[in-house]
file my_file18.cif (mmCIF, C-alpha atoms and all ligand atoms)
data_final
loop_
_atom_site.label_atom_id
_atom_site.label_comp_id
_atom_site.auth_asym_id
_atom_site.auth_seq_id
_atom_site.Cartn_x
_atom_site.Cartn_y
_atom_site.Cartn_z
CA MET U 1 70.07 -199.01 -48.07
CA GLU U 2 66.81 -197.16 -47.56
CA LYS U 3 64.29 -197.52 -50.36
CA HIS U 4 63.81 -193.77 -50.64
CA HIS U 5 67.51 -193.31 -51.48
CA ILE U 6 66.95 -195.40 -54.60
CA GLU U 7 63.74 -193.55 -55.44
CA LEU U 8 65.37 -190.13 -55.07
CA HIS U 9 68.35 -191.18 -57.16
CA ASN U 10 66.05 -192.56 -59.88
CA GLU U 11 63.94 -189.41 -59.96
CA LYS U 12 67.02 -187.27 -60.55
CA LEU U 13 68.08 -189.39 -63.53
CA GLN U 14 64.66 -190.14 -64.99
CA ALA U 15 64.43 -187.44 -67.69
CA ASP U 16 67.84 -188.27 -69.10
CA HIS U 17 67.10 -192.00 -69.07
CA GLN U 18 63.71 -191.54 -70.76
CA ARG U 19 65.29 -189.63 -73.63
CA ARG U 20 67.85 -192.39 -74.27
CA PHE U 21 65.30 -195.16 -73.83
CA ASP U 22 62.80 -193.52 -76.21
CA PHE U 23 65.51 -193.33 -78.83
CA ILE U 24 66.35 -197.05 -78.69
CA VAL U 25 62.65 -197.95 -78.72
CA SER U 26 62.26 -195.88 -81.89
CA GLU U 27 65.14 -197.82 -83.48
CA TYR U 28 64.23 -201.41 -82.52
CA ALA U 29 60.90 -203.18 -82.76
CA HIS U 30 61.32 -205.80 -80.07
CA VAL U 31 62.73 -203.91 -77.08
CA GLU U 32 59.87 -205.01 -74.80
CA GLU U 33 60.61 -208.66 -75.53
CA VAL U 34 64.26 -208.11 -74.63
CA ILE U 35 63.28 -206.35 -71.40
CA SER U 36 61.05 -209.22 -70.31
CA LYS U 37 64.04 -211.57 -70.64
CA LEU U 38 66.35 -209.22 -68.76
CA ILE U 39 63.86 -208.95 -65.91
CA LYS U 40 64.07 -212.71 -65.33
CA PHE U 41 67.85 -213.00 -65.69
CA GLN U 42 69.80 -213.37 -62.41
CA LEU U 43 73.48 -213.91 -61.67
CA ALA U 44 74.98 -215.69 -58.70
CA ILE U 45 77.63 -213.81 -56.77
CA PRO U 46 80.44 -215.93 -55.32
CA SER U 47 80.74 -215.58 -51.57
CA TRP U 48 84.54 -215.53 -51.95
CA ALA U 49 84.51 -212.45 -54.16
CA ILE U 50 83.03 -210.09 -51.60
CA GLY U 51 86.35 -209.41 -49.88
CA THR U 52 89.71 -208.31 -51.23
CA GLY U 53 91.41 -211.53 -52.28
CA GLY U 54 94.67 -210.08 -53.49
CA THR U 55 97.23 -212.23 -55.25
CA ARG U 56 99.71 -214.77 -53.98
CA PHE U 57 102.19 -211.90 -53.62
CA GLY U 58 100.10 -209.94 -51.21
CA ARG U 59 96.75 -208.62 -50.17
CA PHE U 60 95.75 -205.02 -49.60
CA SER U 61 92.66 -204.81 -47.47
CA ILE U 62 90.11 -202.20 -48.47
CA GLY U 63 88.44 -202.50 -45.07
CA GLY U 64 84.84 -203.19 -44.19
CA GLU U 65 85.00 -206.68 -45.68
CA PRO U 66 82.49 -209.22 -44.38
CA ARG U 67 83.69 -211.17 -41.35
CA ASN U 68 81.24 -214.03 -41.59
CA LEU U 69 78.63 -215.58 -43.86
CA GLU U 70 75.88 -213.36 -42.51
CA GLU U 71 77.82 -210.25 -43.56
CA LYS U 72 78.56 -211.74 -46.98
CA ILE U 73 74.83 -212.27 -47.47
CA TYR U 74 74.21 -208.69 -46.39
CA ASP U 75 76.70 -207.42 -49.00
CA ILE U 76 75.23 -209.52 -51.79
CA GLY U 77 71.77 -208.38 -50.72
CA LEU U 78 72.98 -204.82 -51.14
CA LEU U 79 74.24 -205.53 -54.67
CA HIS U 80 70.91 -207.13 -55.49
CA GLN U 81 68.99 -204.20 -54.09
CA LEU U 82 70.96 -201.89 -56.38
CA ASN U 83 70.85 -203.89 -59.62
CA ARG U 84 68.08 -206.46 -59.02
CA ALA U 85 70.15 -208.90 -61.11
CA SER U 86 72.32 -210.50 -58.39
CA GLY U 87 69.64 -212.63 -56.80
CA ALA U 88 71.77 -215.63 -55.90
CA ILE U 89 74.84 -216.56 -53.92
CA SER U 90 77.33 -219.34 -54.56
CA LEU U 91 78.99 -220.73 -51.43
CA HIS U 92 82.42 -222.32 -51.01
CA ILE U 93 82.83 -224.92 -48.25
CA PRO U 94 84.60 -224.75 -45.81
CA TRP U 95 85.41 -221.11 -46.57
CA ASP U 96 81.80 -220.41 -45.69
CA GLU U 97 80.88 -221.67 -42.27
CA ILE U 98 77.19 -222.49 -41.95
CA ASN U 99 76.33 -222.67 -38.26
CA ASN U 100 72.58 -222.66 -38.61
CA SER U 101 71.30 -223.40 -42.08
CA HIS U 102 67.72 -222.54 -41.17
CA ALA U 103 68.72 -219.04 -40.04
CA ILE U 104 71.06 -218.58 -43.05
CA LYS U 105 68.33 -219.57 -45.47
CA ALA U 106 65.89 -217.17 -43.81
CA LEU U 107 68.45 -214.35 -43.90
CA ALA U 108 69.10 -214.89 -47.62
CA ALA U 109 65.35 -214.97 -48.30
CA HIS U 110 65.03 -211.67 -46.46
CA TYR U 111 67.32 -210.14 -49.11
CA ASP U 112 65.51 -212.01 -51.89
CA LEU U 113 68.52 -214.27 -52.51
CA HIS U 114 68.64 -217.97 -53.19
CA PHE U 115 71.55 -220.40 -53.09
CA ASP U 116 73.08 -221.31 -56.42
CA ALA U 117 75.80 -223.95 -56.81
CA MET U 118 77.70 -225.14 -53.76
CA ASN U 119 81.48 -225.35 -54.26
CA SER U 120 83.59 -227.99 -52.55
CA ASN U 121 87.23 -227.48 -51.70
CA THR U 122 89.77 -230.28 -51.93
CA PHE U 123 92.59 -228.05 -53.14
CA GLN U 124 93.69 -226.95 -49.69
CA ASP U 125 94.37 -228.84 -46.50
CA GLN U 126 92.06 -227.83 -43.68
CA GLN U 127 92.86 -227.84 -39.99
CA GLY U 128 92.40 -231.23 -38.42
CA GLN U 129 92.25 -233.01 -41.76
CA VAL U 130 93.76 -236.52 -41.65
CA TYR U 131 95.21 -236.78 -45.17
CA SER U 132 96.90 -234.12 -47.29
CA TYR U 133 95.84 -233.09 -50.80
CA LYS U 134 99.39 -232.18 -51.77
CA PHE U 135 99.35 -234.86 -54.49
CA GLY U 136 95.71 -234.56 -55.42
CA SER U 137 92.34 -235.43 -54.00
CA LEU U 138 89.88 -237.41 -56.14
CA GLN U 139 92.77 -238.67 -58.29
CA HIS U 140 95.07 -239.61 -55.39
CA VAL U 141 97.03 -242.88 -55.53
CA ASN U 142 95.83 -243.66 -52.00
CA LYS U 143 92.18 -244.67 -51.71
CA ALA U 144 91.96 -243.24 -48.17
CA VAL U 145 92.76 -239.76 -49.48
CA ARG U 146 90.20 -240.13 -52.25
CA GLN U 147 87.63 -241.29 -49.71
CA GLN U 148 88.23 -238.23 -47.54
CA ALA U 149 87.67 -235.98 -50.57
CA ILE U 150 84.55 -237.92 -51.60
CA GLU U 151 83.11 -237.54 -48.11
CA HIS U 152 83.81 -233.82 -48.12
CA ASN U 153 81.86 -233.43 -51.38
CA ILE U 154 78.95 -235.45 -49.98
CA GLU U 155 78.96 -233.27 -46.88
CA VAL U 156 78.79 -230.19 -49.13
CA ILE U 157 75.74 -231.68 -50.86
CA HIS U 158 74.08 -232.14 -47.46
CA GLN U 159 74.83 -228.54 -46.48
CA GLY U 160 73.50 -227.33 -49.83
CA LYS U 161 70.31 -229.35 -49.50
CA ALA U 162 69.53 -227.64 -46.22
CA LEU U 163 69.85 -224.26 -47.95
CA GLY U 164 67.79 -225.12 -51.02
CA SER U 165 70.74 -225.24 -53.43
CA GLU U 166 70.39 -227.64 -56.35
CA SER U 167 73.89 -228.01 -57.71
CA LEU U 168 77.45 -228.88 -56.77
CA THR U 169 80.47 -227.43 -58.57
CA ILE U 170 83.61 -229.51 -58.36
CA TRP U 171 86.85 -227.86 -59.31
CA LEU U 172 89.90 -230.02 -58.77
CA ALA U 173 93.44 -228.78 -58.45
CA ASP U 174 94.45 -232.39 -59.21
CA GLY U 175 97.15 -232.96 -61.79
CA SER U 176 100.93 -233.10 -61.83
CA CYS U 177 103.78 -230.65 -61.79
CA PHE U 178 106.40 -232.73 -63.57
CA PRO U 179 106.54 -235.23 -66.42
CA GLY U 180 106.48 -238.78 -65.13
CA GLN U 181 104.89 -237.84 -61.81
CA LEU U 182 101.50 -239.26 -62.73
CA ASN U 183 100.04 -242.10 -64.71
CA PHE U 184 97.44 -240.09 -66.66
CA ARG U 185 95.04 -242.99 -67.21
CA ARG U 186 95.17 -244.13 -63.60
CA ALA U 187 94.61 -240.56 -62.39
CA PHE U 188 91.63 -240.25 -64.74
CA GLN U 189 90.15 -243.60 -63.60
CA ASN U 190 90.59 -242.78 -59.92
CA THR U 191 88.94 -239.41 -60.46
CA LEU U 192 86.08 -240.97 -62.38
CA GLU U 193 85.44 -243.56 -59.67
CA SER U 194 85.51 -240.87 -56.99
CA LEU U 195 83.13 -238.69 -58.98
CA GLN U 196 80.83 -241.69 -59.41
CA GLU U 197 80.58 -242.05 -55.63
CA ILE U 198 79.73 -238.37 -55.26
CA TYR U 199 77.28 -238.56 -58.14
CA ALA U 200 75.50 -241.45 -56.38
CA ALA U 201 74.85 -239.14 -53.42
CA LEU U 202 73.39 -236.39 -55.60
CA PRO U 203 69.66 -235.77 -55.05
CA ASP U 204 67.45 -236.34 -58.10
CA ASN U 205 66.83 -232.64 -58.69
CA TRP U 206 70.52 -231.71 -58.42
CA LYS U 207 73.16 -231.11 -61.07
CA MET U 208 76.87 -231.74 -60.80
CA PHE U 209 79.11 -229.19 -62.55
CA ILE U 210 82.62 -230.33 -63.45
CA GLU U 211 84.84 -227.29 -63.83
CA TYR U 212 87.96 -227.62 -65.96
CA LYS U 213 91.15 -225.59 -65.90
CA ALA U 214 94.24 -225.93 -68.07
CA PHE U 215 96.90 -225.08 -65.49
CA GLU U 216 97.61 -223.92 -61.93
CA PRO U 217 98.39 -225.01 -59.29
CA ASN U 218 99.74 -227.94 -61.29
CA PHE U 219 101.77 -226.80 -64.26
CA TYR U 220 102.44 -229.96 -66.23
CA SER U 221 99.09 -231.75 -66.35
CA ALA U 222 95.60 -231.11 -65.03
CA THR U 223 93.33 -234.09 -64.51
CA VAL U 224 90.31 -232.02 -65.55
CA GLY U 225 92.34 -229.79 -67.85
CA ASP U 226 89.95 -228.91 -70.64
CA TRP U 227 86.38 -229.21 -71.83
CA GLY U 228 87.15 -232.55 -73.48
CA GLN U 229 88.16 -234.14 -70.19
CA SER U 230 85.26 -232.55 -68.35
CA LEU U 231 82.83 -233.77 -71.02
CA LEU U 232 84.28 -237.29 -70.78
CA TYR U 233 83.58 -237.37 -67.05
CA ALA U 234 80.13 -235.82 -67.49
CA ASN U 235 79.15 -238.31 -70.19
CA LYS U 236 80.36 -241.27 -68.17
CA LEU U 237 78.63 -240.06 -65.01
CA GLY U 238 75.15 -239.51 -66.40
CA ALA U 239 72.40 -237.03 -67.13
CA LYS U 240 72.88 -234.95 -63.97
CA ALA U 241 76.56 -234.21 -64.71
CA TYR U 242 77.58 -231.19 -66.78
CA THR U 243 80.61 -229.21 -67.82
CA LEU U 244 81.18 -225.82 -66.21
CA VAL U 245 82.99 -223.17 -68.23
CA ASP U 246 85.12 -220.68 -66.31
CA LEU U 247 86.18 -218.10 -68.87
CA GLY U 248 89.68 -217.74 -67.41
CA HIS U 249 90.53 -221.43 -67.50
CA HIS U 250 91.57 -221.81 -71.13
CA LEU U 251 94.85 -221.76 -72.95
CA PRO U 252 95.44 -218.43 -74.75
CA ASN U 253 93.19 -217.63 -77.72
CA ALA U 254 90.84 -220.58 -77.16
CA ASN U 255 87.58 -220.16 -79.06
CA ILE U 256 85.34 -220.30 -76.00
CA GLU U 257 82.18 -219.46 -77.94
CA GLN U 258 82.64 -222.56 -80.07
CA ILE U 259 83.16 -224.72 -76.97
CA VAL U 260 79.97 -223.29 -75.48
CA SER U 261 78.01 -223.91 -78.65
CA LEU U 262 78.98 -227.59 -78.88
CA LEU U 263 78.47 -228.31 -75.18
CA LEU U 264 74.98 -226.80 -75.46
CA MET U 265 74.28 -228.94 -78.50
CA GLU U 266 75.22 -232.02 -76.47
CA ASP U 267 73.07 -230.92 -73.48
CA LYS U 268 76.22 -230.92 -71.41
CA LEU U 269 76.74 -227.22 -70.71
CA GLY U 270 75.92 -226.73 -67.04
CA GLY U 271 76.93 -223.21 -66.33
CA PHE U 272 79.48 -220.45 -66.16
CA HIS U 273 82.01 -218.76 -64.04
CA PHE U 274 82.13 -215.34 -65.64
CA ASN U 275 85.25 -213.22 -65.39
CA ASP U 276 87.84 -211.84 -67.78
CA SER U 277 91.54 -212.31 -68.22
CA ARG U 278 94.50 -211.08 -70.17
CA TYR U 279 97.02 -213.75 -69.27
CA GLY U 280 95.57 -216.71 -67.42
CA ASP U 281 93.13 -217.27 -64.59
CA ASP U 282 93.19 -213.55 -63.82
CA ASP U 283 89.64 -213.42 -62.39
CA LEU U 284 89.17 -209.82 -63.57
CA THR U 285 85.91 -207.94 -64.08
CA ALA U 286 83.72 -209.59 -66.72
CA GLY U 287 84.08 -207.81 -70.04
CA CYS U 288 86.98 -205.57 -68.95
CA MET U 289 89.46 -207.05 -71.45
CA LYS U 290 87.50 -208.83 -74.15
CA PRO U 291 83.93 -207.52 -74.26
CA TYR U 292 83.52 -208.75 -77.85
CA GLN U 293 84.32 -212.30 -76.74
CA LEU U 294 81.74 -212.03 -73.97
CA PHE U 295 79.19 -210.90 -76.55
CA LEU U 296 80.12 -213.76 -78.92
CA ILE U 297 79.66 -216.26 -76.08
CA PHE U 298 76.20 -214.86 -75.35
CA ASN U 299 75.44 -214.89 -79.04
CA GLU U 300 76.03 -218.66 -79.07
CA LEU U 301 74.10 -219.11 -75.84
CA VAL U 302 71.03 -217.27 -77.10
CA GLU U 303 71.12 -219.05 -80.45
CA GLY U 304 71.70 -222.48 -78.91
CA MET U 305 69.16 -222.13 -76.11
CA ASP U 306 66.50 -220.77 -78.45
CA ALA U 307 67.09 -223.68 -80.84
CA LYS U 308 66.35 -226.07 -77.97
CA GLY U 309 63.57 -223.99 -76.44
CA THR U 310 65.54 -223.68 -73.18
CA ASP U 311 64.62 -220.88 -70.82
CA HIS U 312 67.52 -218.44 -70.69
CA ALA U 313 67.11 -217.56 -67.04
CA THR U 314 66.84 -221.05 -65.58
CA GLY U 315 68.53 -223.27 -68.16
CA LEU U 316 72.09 -222.76 -66.95
CA GLY U 317 73.97 -221.83 -63.78
CA TRP U 318 74.95 -218.18 -64.27
CA MET U 319 77.73 -217.50 -61.81
CA ILE U 320 80.55 -215.03 -61.49
CA ASP U 321 84.01 -216.05 -60.30
CA ALA U 322 86.16 -213.08 -59.50
CA SER U 323 88.98 -211.88 -57.31
CA HIS U 324 89.99 -208.36 -56.36
CA ASN U 325 93.30 -206.78 -55.74
CA VAL U 326 93.00 -203.06 -56.33
CA LYS U 327 89.28 -202.35 -56.65
CA ASP U 328 86.48 -202.22 -54.13
CA PRO U 329 85.03 -205.76 -54.59
CA LEU U 330 81.44 -204.52 -54.44
CA GLU U 331 82.05 -201.88 -57.10
CA ASP U 332 83.81 -204.45 -59.25
CA LEU U 333 80.91 -206.92 -58.97
CA LEU U 334 78.46 -204.18 -59.97
CA GLN U 335 80.62 -203.64 -63.04
CA SER U 336 80.72 -207.37 -63.82
CA VAL U 337 76.96 -207.78 -63.56
CA GLU U 338 76.44 -204.75 -65.79
CA ALA U 339 78.91 -206.07 -68.40
CA ILE U 340 77.18 -209.46 -68.48
CA MET U 341 73.73 -207.89 -68.80
CA LEU U 342 74.98 -205.70 -71.66
CA ALA U 343 76.51 -208.66 -73.52
CA TYR U 344 73.32 -210.68 -73.05
CA THR U 345 71.21 -207.76 -74.30
CA GLN U 346 73.40 -207.26 -77.35
CA ALA U 347 73.11 -210.97 -78.15
CA LEU U 348 69.33 -210.68 -77.91
CA MET U 349 69.49 -207.82 -80.44
CA VAL U 350 71.22 -209.87 -83.14
CA ASP U 351 69.10 -210.18 -86.27
CA ARG U 352 69.11 -213.96 -86.19
CA HIS U 353 67.01 -214.48 -89.28
CA ALA U 354 69.29 -212.27 -91.37
CA LEU U 355 72.35 -214.00 -89.93
CA THR U 356 71.06 -217.45 -90.87
CA ILE U 357 70.45 -216.30 -94.45
CA ALA U 358 73.89 -214.68 -94.68
CA GLN U 359 75.49 -217.87 -93.33
CA GLN U 360 73.61 -220.00 -95.88
CA GLU U 361 74.80 -217.71 -98.64
CA ASN U 362 78.39 -217.72 -97.37
CA ASP U 363 78.18 -213.94 -97.20
CA VAL U 364 81.01 -213.56 -94.73
CA VAL U 365 81.00 -209.77 -94.80
CA ARG U 366 77.30 -209.61 -94.05
CA CYS U 367 77.65 -212.13 -91.18
CA GLN U 368 80.27 -209.94 -89.56
CA GLU U 369 78.24 -206.77 -90.15
CA ILE U 370 75.19 -208.32 -88.47
CA LEU U 371 77.10 -209.38 -85.37
CA GLN U 372 79.05 -206.17 -85.06
CA HIS U 373 75.95 -204.06 -85.57
CA ALA U 374 74.43 -205.65 -82.46
CA PHE U 375 77.71 -205.42 -80.54
CA ARG U 376 78.10 -201.73 -81.38
CA THR U 377 74.57 -200.82 -80.40
CA ASP U 378 74.39 -198.84 -77.18
CA VAL U 379 71.96 -200.97 -75.16
CA ARG U 380 72.63 -199.37 -71.80
CA ALA U 381 69.21 -197.70 -71.69
CA ILE U 382 67.52 -201.09 -72.18
CA VAL U 383 69.42 -202.68 -69.30
CA GLN U 384 68.66 -199.62 -67.17
CA GLU U 385 64.96 -199.74 -68.02
CA ALA U 386 64.77 -203.43 -67.02
CA ARG U 387 66.53 -202.62 -63.75
CA LEU U 388 64.17 -199.71 -63.02
CA ARG U 389 61.13 -201.88 -63.64
CA LYS U 390 62.49 -204.36 -61.11
CA GLY U 391 62.86 -201.61 -58.52
CA GLY U 392 66.64 -201.22 -58.82
CA ALA U 393 68.77 -198.11 -59.10
CA ALA U 394 69.16 -196.22 -62.36
CA GLN U 395 72.95 -196.17 -61.91
CA PRO U 396 73.95 -198.71 -59.23
CA LEU U 397 77.62 -197.79 -59.12
CA ALA U 398 76.90 -194.05 -58.90
CA LEU U 399 74.42 -194.58 -56.07
CA TYR U 400 76.85 -196.90 -54.25
CA ARG U 401 79.36 -194.04 -54.30
CA GLU U 402 76.84 -191.31 -53.48
CA GLN U 403 75.78 -193.28 -50.43
CA GLN U 404 79.42 -193.85 -49.39
CA ILE U 405 78.69 -197.50 -48.74
CA ARG U 406 82.31 -198.56 -48.32
CA LYS U 407 82.86 -195.87 -45.69
CA LYS U 408 79.79 -197.08 -43.81
CA LEU U 409 80.99 -200.69 -43.98
CA ILE U 410 84.41 -199.67 -42.64
CA ASN U 411 82.73 -197.81 -39.77
CA GLN U 412 80.71 -200.89 -38.89
CA ARG U 413 83.31 -203.60 -39.44
CA GLY U 414 86.66 -201.88 -39.10
CA SER U 415 89.45 -201.08 -41.51
CA LYS U 416 91.64 -204.14 -40.95
CA THR U 417 89.23 -206.84 -41.96
CA VAL U 418 90.31 -210.19 -43.34
CA ALA U 419 87.58 -211.74 -45.43
CA ILE U 420 86.85 -215.22 -44.16
CA GLY U 421 88.28 -217.99 -46.28
CA LEU U 422 90.55 -215.87 -48.43
C1 LIG U 501 89.80 -222.21 -59.58
O1 LIG U 501 90.72 -221.38 -60.22
C2 LIG U 501 88.44 -221.56 -59.45
O2 LIG U 501 88.07 -220.95 -60.67
C3 LIG U 501 87.41 -222.52 -58.96
O3 LIG U 501 86.12 -222.16 -59.39
C4 LIG U 501 87.53 -222.33 -57.51
O4 LIG U 501 86.58 -222.97 -56.76
C5 LIG U 501 87.51 -220.81 -57.49
O5 LIG U 501 88.46 -220.53 -58.50
C6 LIG U 501 87.72 -220.17 -56.21
O6 LIG U 501 89.04 -219.77 -55.98
MN MN U 502 85.99 -220.84 -61.29
MN MN U 503 89.74 -219.90 -61.57
#
call {"tool": "encode", "arguments": {"input": "my_file18.cif", "output": "structure tokens", "more": "lines below"}}
Ligand code: PSV
Ligand code: MN
Ligand code: MN
result
Amino acid sequence: MEKHHIELHNEKLQADHQRRFDFIVSEYAHVEEVISKLIKFQLAIPSWAIGTGGTRFGRFSIGGEPRNLEEKIYDIGLLHQLNRASGAISLHIPWDEINNSHAIKALAAHYDLHFDAMNSNTFQDQQGQVYSYKFGSLQHVNKAVRQQAIEHNIEVIHQGKALGSESLTIWLADGSCFPGQLNFRRAFQNTLESLQEIYAALPDNWKMFIEYKAFEPNFYSATVGDWGQSLLYANKLGAKAYTLVDLGHHLPNANIEQIVSLLLMEDKLGGFHFNDSRYGDDDLTAGCMKPYQLFLIFNELVEGMDAKGTDHATGLGWMIDASHNVKDPLEDLLQSVEAIMLAYTQALMVDRHALTIAQQENDVVRCQEILQHAFRTDVRAIVQEARLRKGGAAQPLALYREQQIRKKLINQRGSKTVAIGL
């Protein structure tokens, strides 16, 4: 998008924004401090979320989806140009095919993007693969299958190194579908040994994120089924191994904010896959179902990171994991980024000193009032101001529509596109 389109759009909305921003500045003393944190905060967009994923029942193409990694980078660059908060991309191998890492790195840099966590894939069989992952990968009863999966992960590390990534996310579909199918302890030990081999290949400045999920595609047991199992692996592996929390991977009503708080305390929280869900691993827009939960998670993050003196922007891997069935993926990702920035801002607005006193006094009512006061504060003008100062658009979604971006992408790429890897 041309720079002047953003400037024109911003000019049109400036007076209205200024009025709303002046009001919030008159209400809160530390708005500038909040803005300086928002300016630094960046989210990684998953390469697999740029196209219409659909569900296992079907996929309805919106058209204009990226046909290769270069086009995915272009799309994420566009999001970043609009909101200046999507400055990273998370790749999934082999869904993303990197033919020339030097050129890919240069292209990403052109759009001011860097490479966040690399994701390996041992939950699908790929063409030409010798052994099948039908009965697991790193947990498999056959060492040759485990070895194949280990080598794939090491290859992903090599690809990530060439791009300047510094982390590997491992999500395993491993588990069992029926009682009796698996010896739980043997599956755990096999997985641990496999992870140890991958961990040994991890560069010194890299982190390994172990993502857990309670169910699907296995519906009886999951070998990394919850944060307890993930933490066990991470502790046994060493200082470079961390737990990754995907918000949609819990059993119903799990208290995710408490999980986050304790993992942070143990220095074992590595990062996030943000999304929202109503039933299971729905991969819906962040904050579309449970915005209060998203705020409570950020409340724990801000409190926990400040207690340790950890930099909010760089301390954790901030990634989105989403899928799209009925919405334009780019519009949906703009919504997700906005929802995350709002929740983060609201958490920064919590009167932490007052909350600590209320907690010490067991004043339950006051504790709730303090949290809900921050949650119910309209912080949109603060997020907008931070975005404007970074050179982004006042209203990214509105400008995306004004500029008819999807129509332009369809004209360039066609209406019957199948996003690579989905
Ligand atoms: C699994 O459900 C997951 O959340 C993992 O992060 C995968 O790598 C991702 O989805 C992509 O489908
Ligand atoms: Mn995930
Ligand atoms: Mn998932």
call {"tool": "residues_near_ligand", "arguments": {"input": "my_file18.cif", "ligand": "ligand LIG 501 (chain U)", "cutoff": "9 Å", "atoms": "all atoms listed in the file", "output": "number ranges by chain"}}
result
U: 46, 48-49, 92, 119-121, 123, 169-173, 211-213, 215-217, 246-249, 273, 281-283, 321-323, 422
call {"tool": "closest_residue", "arguments": {"input": "my_file18.cif", "among": "U:Ile370, U:Ala85, U:Ile259, U:Ile320", "to": "ligand MN 502 (chain U)", "atoms": "all atoms listed in the file"}}
result
U:Ile320
call {"tool": "residues_near_point", "arguments": {"input": "my_file18.cif", "point": "(84.6, -237.7, -55.6)", "cutoff": "9 Å", "atoms": "only C-alpha atoms", "output": "list in words"}}
result
Ser137, Leu138, Gln139, Arg146, Gln147, Gln148, Ala149, Ile150, Glu151, His152, Asn153, Ile154, Ile170, Asn190, Thr191, Leu192, Glu193, Ser194, Leu195, Gln196, Glu197, Ile198 and Tyr199 of chain U
call {"tool": "residues_around", "arguments": {"input": "my_file18.cif", "residues": "Ala347 in chain U", "least_positions_apart": "3", "cutoff": "7 Å", "atoms": "all atoms listed in the file", "output": "ChimeraX atom specification"}}
result
/U:295,298-299,302,343-344,350,374
call {"tool": "residues_around", "arguments": {"input": "my_file18.cif", "residues": "Gly315 in chain U", "least_positions_apart": "3", "cutoff": "12 Å", "atoms": "all atoms listed in the file", "output": "VMD selection string"}}
result
chain U and resid 40 to 42 207 264 267 to 272 301 to 302 304 to 306 308 to 312 318
call {"tool": "closest_residue", "arguments": {"input": "my_file18.cif", "among": "U:Met1, U:Ile357, U:Leu342, U:Val34", "to": "Gln404 in chain U", "atoms": "all atoms listed in the file"}}
result
U:Met1
call {"tool": "residues_around", "arguments": {"input": "my_file18.cif", "residues": "Glu32 in chain U", "least_positions_apart": "2", "cutoff": "12 Å", "atoms": "all atoms listed in the file", "output": "compact mmCIF listing (two decimals) with C-alpha atoms, in the frame of the given file"}}
result
# COMPACT_ATOMS: atom_id res chain seq x y z
CA PHE U 21 65.30 -195.16 -73.83
CA ASP U 22 62.80 -193.52 -76.21
CA ILE U 24 66.35 -197.05 -78.69
CA VAL U 25 62.65 -197.95 -78.72
CA SER U 26 62.26 -195.88 -81.89
CA TYR U 28 64.23 -201.41 -82.52
CA ALA U 29 60.90 -203.18 -82.76
CA HIS U 30 61.32 -205.80 -80.07
CA VAL U 34 64.26 -208.11 -74.63
CA ILE U 35 63.28 -206.35 -71.40
CA SER U 36 61.05 -209.22 -70.31
CA LYS U 37 64.04 -211.57 -70.64
CA LEU U 38 66.35 -209.22 -68.76
CA ILE U 39 63.86 -208.95 -65.91
CA THR U 345 71.21 -207.76 -74.30
CA LEU U 348 69.33 -210.68 -77.91
CA MET U 349 69.49 -207.82 -80.44
CA ILE U 382 67.52 -201.09 -72.18
CA VAL U 383 69.42 -202.68 -69.30
CA GLU U 385 64.96 -199.74 -68.02
CA ALA U 386 64.77 -203.43 -67.02
CA ARG U 389 61.13 -201.88 -63.64
call {"tool": "axis_aligned_box", "arguments": {"input": "my_file18.cif", "around": "range 43-47 of chain U", "padding_each_side": "5 Å", "output": "JSON"}}
result
{"center_x": 77.1, "center_y": -214.9, "center_z": -56.6, "size_x": 17.3, "size_y": 12.1, "size_z": 20.1}
call {"tool": "residues_near_point", "arguments": {"input": "my_file18.cif", "point": "(67.4, -202.4, -55.3)", "cutoff": "6 Å", "atoms": "all atoms listed in the file", "output": "PyMOL selection string"}}
result
chain U and resi 80-84+391-393
call {"tool": "closest_residue", "arguments": {"input": "my_file18.cif", "among": "U:Leu244, U:Ile98, U:Met341, U:Leu113", "to": "ligand MN 502 (chain U)", "atoms": "all atoms listed in the file"}}
result
U:Leu244
call {"tool": "closest_residue", "arguments": {"input": "my_file18.cif", "among": "U:Leu237, U:Asn218, U:Ala117, U:Arg185", "to": "ligand MN 502 (chain U)", "atoms": "all atoms listed in the file"}}
result
U:Ala117
call {"tool": "closest_residue", "arguments": {"input": "my_file18.cif", "among": "U:Asp16, U:Glu303, U:Glu7, U:Asp174", "to": "His353 in chain U", "atoms": "only C-alpha atoms"}}
result
U:Glu303
call {"tool": "residues_around", "arguments": {"input": "my_file18.cif", "residues": "Leu251 in chain U", "least_positions_apart": "2", "cutoff": "8 Å", "atoms": "all atoms listed in the file", "output": "ChimeraX atom specification"}}
result
/U:214,249,253-254,280
call {"tool": "atom_distance", "arguments": {"input": "my_file18.cif", "atom1": "CA of Gly77 in chain U", "atom2": "CA of Gly63 in chain U"}}
result
18.6 Å
call {"tool": "atom_distance", "arguments": {"input": "my_file18.cif", "atom1": "CA of Tyr131 in chain U", "atom2": "CA of Ser176 in chain U"}}
result
18.0 Å
